[in-house]
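Structure file target-v4.csv (CSV, C-alpha atoms) is printed below.
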chain,number,residue,atom,x,y,z
A,27,ASP,CA,141.1,88.2,114.1
A,28,LEU,CA,138.7,87.1,116.9
A,29,GLY,CA,138.0,83.7,115.4
A,30,PRO,CA,140.8,81.7,117.0
A,31,CYS,CA,140.1,83.3,120.4
A,32,LEU,CA,136.3,82.6,120.2
A,33,ARG,CA,136.9,79.0,119.1
A,34,GLN,CA,138.7,78.4,122.4
A,35,LYS,CA,135.7,79.4,124.5
A,36,SER,CA,132.9,77.0,125.4
A,37,LEU,CA,129.3,77.7,124.4
A,38,GLU,CA,128.4,78.3,128.0
A,39,GLU,CA,131.2,80.9,128.4
A,40,LEU,CA,130.0,82.7,125.2
A,41,LEU,CA,126.3,82.7,126.4
A,42,ASN,CA,127.2,84.0,129.8
A,43,ILE,CA,129.1,87.0,128.5
A,44,ARG,CA,127.5,90.3,129.7
A,45,VAL,CA,128.0,93.3,127.4
A,46,PRO,CA,126.8,96.5,129.2
A,47,THR,CA,124.7,98.6,126.8
A,48,PRO,CA,122.4,101.5,127.3
A,49,ASP,CA,118.7,100.7,127.4
A,50,PHE,CA,117.1,100.5,124.0
A,51,ARG,CA,120.4,100.0,122.2
A,52,PRO,CA,121.5,96.7,120.7
A,53,ASN,CA,124.2,94.7,122.4
A,54,PHE,CA,125.9,94.2,119.1
A,55,GLY,CA,125.1,96.1,116.0
A,56,PRO,CA,126.6,97.1,112.7
A,57,PHE,CA,129.4,99.6,112.7
A,58,ILE,CA,131.2,101.1,109.8
A,59,ASP,CA,134.6,99.5,109.8
A,60,GLY,CA,135.6,99.9,106.1
A,61,ASN,CA,136.0,96.2,105.7
A,62,MET,CA,132.8,94.4,106.4
A,63,ILE,CA,130.5,97.4,106.4
A,64,MET,CA,131.8,100.0,104.0
A,65,SER,CA,129.2,102.7,104.5
A,66,ASN,CA,126.1,103.6,106.4
A,67,PRO,CA,123.8,100.5,106.2
A,68,GLU,CA,120.8,102.6,105.3
A,69,HIS,CA,122.7,104.2,102.4
A,70,LEU,CA,123.8,100.7,101.3
A,71,LEU,CA,120.2,99.4,101.3
A,72,ARG,CA,119.2,102.3,99.1
A,73,LYS,CA,122.0,102.2,96.6
A,74,TYR,CA,123.6,98.7,96.6
A,75,ARG,CA,122.8,96.3,93.8
A,76,GLY,CA,123.5,92.7,94.6
A,77,ASP,CA,122.0,89.8,96.6
A,78,PHE,CA,119.5,92.1,98.2
A,79,ASP,CA,117.9,92.7,94.8
A,80,GLU,CA,117.9,89.0,93.8
A,81,MET,CA,116.0,87.4,96.7
A,82,ASP,CA,112.5,87.5,97.8
A,83,LEU,CA,112.2,88.9,101.3
A,84,LEU,CA,109.8,88.0,104.1
A,85,LEU,CA,109.7,90.3,107.2
A,86,GLY,CA,107.4,90.1,110.2
A,87,VAL,CA,106.6,91.7,113.4
A,88,THR,CA,104.3,90.9,116.3
A,89,THR,CA,101.8,93.1,118.1
A,90,ALA,CA,104.0,93.5,121.2
A,91,GLU,CA,107.7,93.5,120.1
A,92,SER,CA,108.9,95.2,123.3
A,93,TYR,CA,107.1,93.5,126.2
A,94,LEU,CA,110.4,91.9,127.2
A,95,ASP,CA,111.7,95.4,128.0
A,96,PHE,CA,109.7,95.3,131.2
A,97,ASN,CA,109.8,93.3,134.4
A,98,GLU,CA,107.1,91.0,135.5
A,99,LYS,CA,105.5,93.5,137.9
A,100,GLU,CA,105.3,96.2,135.2
A,101,ILE,CA,103.9,93.7,132.8
A,102,GLU,CA,101.2,92.5,135.2
A,103,TYR,CA,100.2,95.7,136.8
A,104,GLY,CA,101.3,98.4,134.4
A,105,PHE,CA,102.6,101.7,135.6
A,106,GLU,CA,101.8,105.4,136.0
A,107,GLU,CA,102.5,108.1,133.5
A,108,GLU,CA,105.6,109.3,135.5
A,109,LYS,CA,107.2,105.9,135.0
A,110,ARG,CA,106.2,105.9,131.4
A,111,ASP,CA,107.8,109.3,130.9
A,112,LYS,CA,111.1,108.2,132.5
A,113,ILE,CA,111.3,105.1,130.3
A,114,LEU,CA,110.3,107.1,127.2
A,115,ARG,CA,112.8,109.9,127.9
A,116,THR,CA,115.5,107.2,128.2
A,117,PHE,CA,114.4,105.7,124.9
A,118,VAL,CA,114.4,109.1,123.1
A,119,ARG,CA,117.8,110.1,124.6
A,120,ASN,CA,119.4,106.8,123.6
A,121,VAL,CA,118.0,106.6,120.1
A,122,TYR,CA,117.9,110.1,118.8
A,123,ASP,CA,120.5,112.8,118.6
A,124,PHE,CA,118.6,116.1,118.0
A,125,HIS,CA,115.3,117.7,119.0
A,126,LEU,CA,114.8,115.3,121.9
A,127,THR,CA,112.1,117.5,123.7
A,128,GLU,CA,110.1,117.8,120.5
A,129,ILE,CA,110.4,114.0,119.8
A,130,PHE,CA,109.3,113.1,123.3
A,131,ALA,CA,106.3,115.5,123.2
A,132,THR,CA,105.3,114.2,119.8
A,133,ILE,CA,105.4,110.6,120.9
A,134,VAL,CA,103.4,111.2,124.0
A,135,SER,CA,100.8,113.1,122.0
A,136,GLU,CA,100.5,110.5,119.3
A,137,TYR,CA,100.3,107.5,121.6
A,138,THR,CA,98.0,109.0,124.2
A,139,ASN,CA,94.3,108.1,124.1
A,140,TRP,CA,92.9,111.6,124.6
A,141,GLU,CA,89.3,110.3,124.8
A,142,ARG,CA,90.1,108.4,128.0
A,143,VAL,CA,89.6,110.7,131.0
A,144,VAL,CA,91.1,108.4,133.6
A,145,LYS,CA,94.5,107.0,132.8
A,146,HIS,CA,94.9,103.4,134.0
A,147,PRO,CA,98.3,101.8,134.6
A,148,ILE,CA,97.5,99.0,132.2
A,149,SER,CA,96.6,101.4,129.4
A,150,THR,CA,99.7,103.4,130.1
A,151,ARG,CA,101.8,100.2,129.8
A,152,ASP,CA,100.1,99.1,126.6
A,153,ALA,CA,100.7,102.5,125.0
A,154,LEU,CA,104.4,102.4,125.9
A,155,VAL,CA,104.7,98.8,124.6
A,156,GLU,CA,103.3,100.1,121.3
A,157,VAL,CA,105.7,103.1,121.3
A,158,LEU,CA,108.8,101.0,121.9
A,159,SER,CA,107.7,98.2,119.6
A,160,ASP,CA,107.1,100.7,116.8
A,161,GLY,CA,110.4,102.6,117.5
A,162,HIS,CA,112.9,99.8,117.8
A,163,THR,CA,111.3,97.1,115.6
A,164,VAL,CA,108.4,98.0,113.4
A,165,ALA,CA,109.9,101.2,111.9
A,166,PRO,CA,113.2,99.7,110.9
A,167,MET,CA,111.5,96.6,109.5
A,168,THR,CA,109.1,98.8,107.5
A,169,LEU,CA,112.0,100.8,106.2
A,170,SER,CA,113.9,97.6,105.1
A,171,ALA,CA,110.7,96.4,103.4
A,172,ARG,CA,110.3,99.7,101.6
A,173,TYR,CA,113.9,99.6,100.3
A,174,HIS,CA,113.5,96.0,99.1
A,175,SER,CA,110.1,96.5,97.5
A,176,LYS,CA,111.6,99.1,95.2
A,177,ARG,CA,113.7,96.4,93.7
A,178,SER,CA,112.8,93.6,91.3
A,179,LYS,CA,112.0,90.8,93.7
A,180,ASN,CA,108.9,90.2,95.9
A,181,THR,CA,108.7,91.7,99.4
A,182,TYR,CA,106.3,90.2,102.0
A,183,PHE,CA,105.4,91.8,105.4
A,184,TYR,CA,103.3,90.2,108.1
A,185,VAL,CA,102.0,91.1,111.5
A,186,PHE,CA,101.6,88.2,113.8
A,187,GLU,CA,98.8,88.6,116.3
A,188,TYR,CA,98.6,85.7,118.7
A,189,GLN,CA,96.5,85.8,121.8
A,190,ASP,CA,96.4,82.9,124.2
A,191,SER,CA,92.8,81.6,124.5
A,192,HIS,CA,93.3,81.1,128.2
A,193,ALA,CA,94.2,84.8,128.9
A,194,GLY,CA,91.0,86.7,129.3
A,195,TYR,CA,92.2,89.8,131.1
A,196,PRO,CA,94.6,92.6,130.0
A,197,GLN,CA,96.5,92.0,133.2
A,198,GLU,CA,97.6,88.6,131.8
A,199,PHE,CA,99.6,90.5,129.1
A,200,ARG,CA,102.6,88.2,129.5
A,201,HIS,CA,100.5,85.2,128.4
A,202,GLN,CA,98.8,87.0,125.5
A,203,VAL,CA,101.6,88.0,123.2
A,204,VAL,CA,104.5,86.7,121.3
A,205,GLY,CA,107.4,89.1,120.6
A,206,HIS,CA,111.0,89.1,119.3
A,207,ALA,CA,113.6,89.5,122.0
A,208,THR,CA,115.9,92.5,121.8
A,209,LYS,CA,118.4,91.0,124.2
A,210,ASN,CA,120.1,87.7,124.2
A,211,ALA,CA,117.2,85.4,125.2
A,212,THR,CA,119.6,82.6,126.1
A,213,SER,CA,121.2,84.6,128.9
A,214,LYS,CA,120.6,83.9,132.5
A,215,ASN,CA,119.4,87.1,134.3
Encoded form using C-alpha cells:
Amino acid sequence: DLGPCLRQKSLEELLNIRVPTPDFRPNFGPFIDGNMIMSNPEHLLRKYRGDFDEMDLLLGVTTAESYLDFNEKEIEYGFEEEKRDKILRTFVRNVYDFHLTEIFATIVSEYTNWERVVKHPISTRDALVEVLSDGHTVAPMTLSARYHSKRSKNTYFYVFEYQDSHAGYPQEFRHQVVGHATKNATSKN
C-alpha cells in the first residue's frame, strides 16, 4: 500500500517528482491490475452498468489541446515539414502498435492543406497542433461521450474557442488559445 509512504512526503516533494515517459504518453494512466481496474477501460465503458449510467456527463475540449507539447520558439515561429514529420512519427510510434507507416501517411494526407502551394512554418505548426489535439484529447473524449450517450442520462459536449482580443497575428499563438495540459502543469521545468 503506497498510502502511508505518500503521506510522509511533503507537497513540494510530490510535485517535484519526475517520471520519465515517452512523448505523447501519459505520466500516469490506468493499467489493468485486477483490483482497481478489472478489465480494459474501453470494454468497461461499453459494458459496465453502474454510476456511469446514472450521471449526466459534461465533456469539453479546446481548439488547441496540444500547444503545450511545443517549446516557445516552435509556438512563435512554427517549424518546417521535416520537424513536423519527426514529431508525428514519434506520436504514431508511441501511440499505435500496428500499420505505423500507413497511419503516418494517412494523418499527413488528412491534415495537409493541399490547396496551399507554399508551406509556411506557422501553417505546419497549426496543422500538427490539430493532429496532436485530435489524437490524444479530442478522439478519446468523443469516444467517452459516445459510450455515455448510449445510456439513459444526458451527455453534453462542448468546444471552447477562446481568442485573446489583443492577439492579432497567428505568430502570437501562445496568447490566443486555452488548452488542457497533458503534463503536470505544476511542475517546474
Å distance separating atom CA of Thr89 of chain A from atom CA of Glu187 of chain A, one decimal place |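 About the pair atom CA of Thr89 of chain A and atom CA of Glu187 of chain A: they are 5.7 Å apart.
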By how many Å are atom CA of Thr88 of chain A and atom CA of Tyr184 of chain A apart?
-> 8.3 Å
With all atoms listed in the file as the basis for distance, which of A:Asp49, A:Glu91, A:Asp160, A:Asp27 is at the shortest distance from Asn120 of chain A?
->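 Of A:Asp49, A:Glu91, A:Asp160, A:Asp27, the one nearest Asn120 of chain A is A:Asp49, counting all atoms listed in the file.
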Which value, in Å to one decimal, gives the distance between atom CA of Lys112 of chain A and atom CA of Glu98 of chain A?
-> 17.9 Å
Pick the closest to Lys179 of chain A from A:Pro48, A:Asn53, A:Phe78, A:Asn42: which is it, counting all atoms listed in the file?
->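 Using all atoms listed in the file, the shortest distance to Lys179 of chain A belongs to A:Phe78.
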Within 12 Å of Phe130 of chain A, counting only C-alpha atoms, which residues show up once you throw out same-chain ones fewer than 5 positions away? Write them as an NGL selection string, please.
-> :A and (110-122 or 124-125 or 135-137 or 157)
For Gly86 of chain A, work out the shell of residues within 8 Å, counting only C-alpha atoms and skipping chain neighbours fewer than 3 positions away, then give it as a list in words.
->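 In the requested format, the answer is Met167, Phe183, Tyr184, Val185 and Phe186 of chain A.
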Which is closest to Arg151 of chain A among A:Leu83, A:Ala90, A:Ile63, A:Leu32, if we use only C-alpha atoms?
->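 Of A:Leu83, A:Ala90, A:Ile63, A:Leu32, the one nearest Arg151 of chain A is A:Ala90, counting only C-alpha atoms.
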Contacts of Leu169 of chain A at 12 Å (only C-alpha atoms; same-chain gap of 2+ positions) as a compact mmCIF listing (two decimals) with C-alpha atoms, in the frame of the given file:
# COMPACT_ATOMS: atom_id res chain seq x y z
CA PRO A 67 123.80 100.50 106.20
CA GLU A 68 120.80 102.60 105.30
CA HIS A 69 122.70 104.20 102.40
CA LEU A 71 120.20 99.40 101.30
CA ARG A 72 119.20 102.30 99.10
CA LEU A 85 109.70 90.30 107.20
CA ASP A 160 107.10 100.70 116.80
CA GLY A 161 110.40 102.60 117.50
CA HIS A 162 112.90 99.80 117.80
CA THR A 163 111.30 97.10 115.60
CA VAL A 164 108.40 98.00 113.40
CA ALA A 165 109.90 101.20 111.90
CA PRO A 166 113.20 99.70 110.90
CA MET A 167 111.50 96.60 109.50
CA ALA A 171 110.70 96.40 103.40
CA ARG A 172 110.30 99.70 101.60
CA TYR A 173 113.90 99.60 100.30
CA HIS A 174 113.50 96.00 99.10
CA SER A 175 110.10 96.50 97.50
CA LYS A 176 111.60 99.10 95.20
CA THR A 181 108.70 91.70 99.40
CA PHE A 183 105.40 91.80 105.40
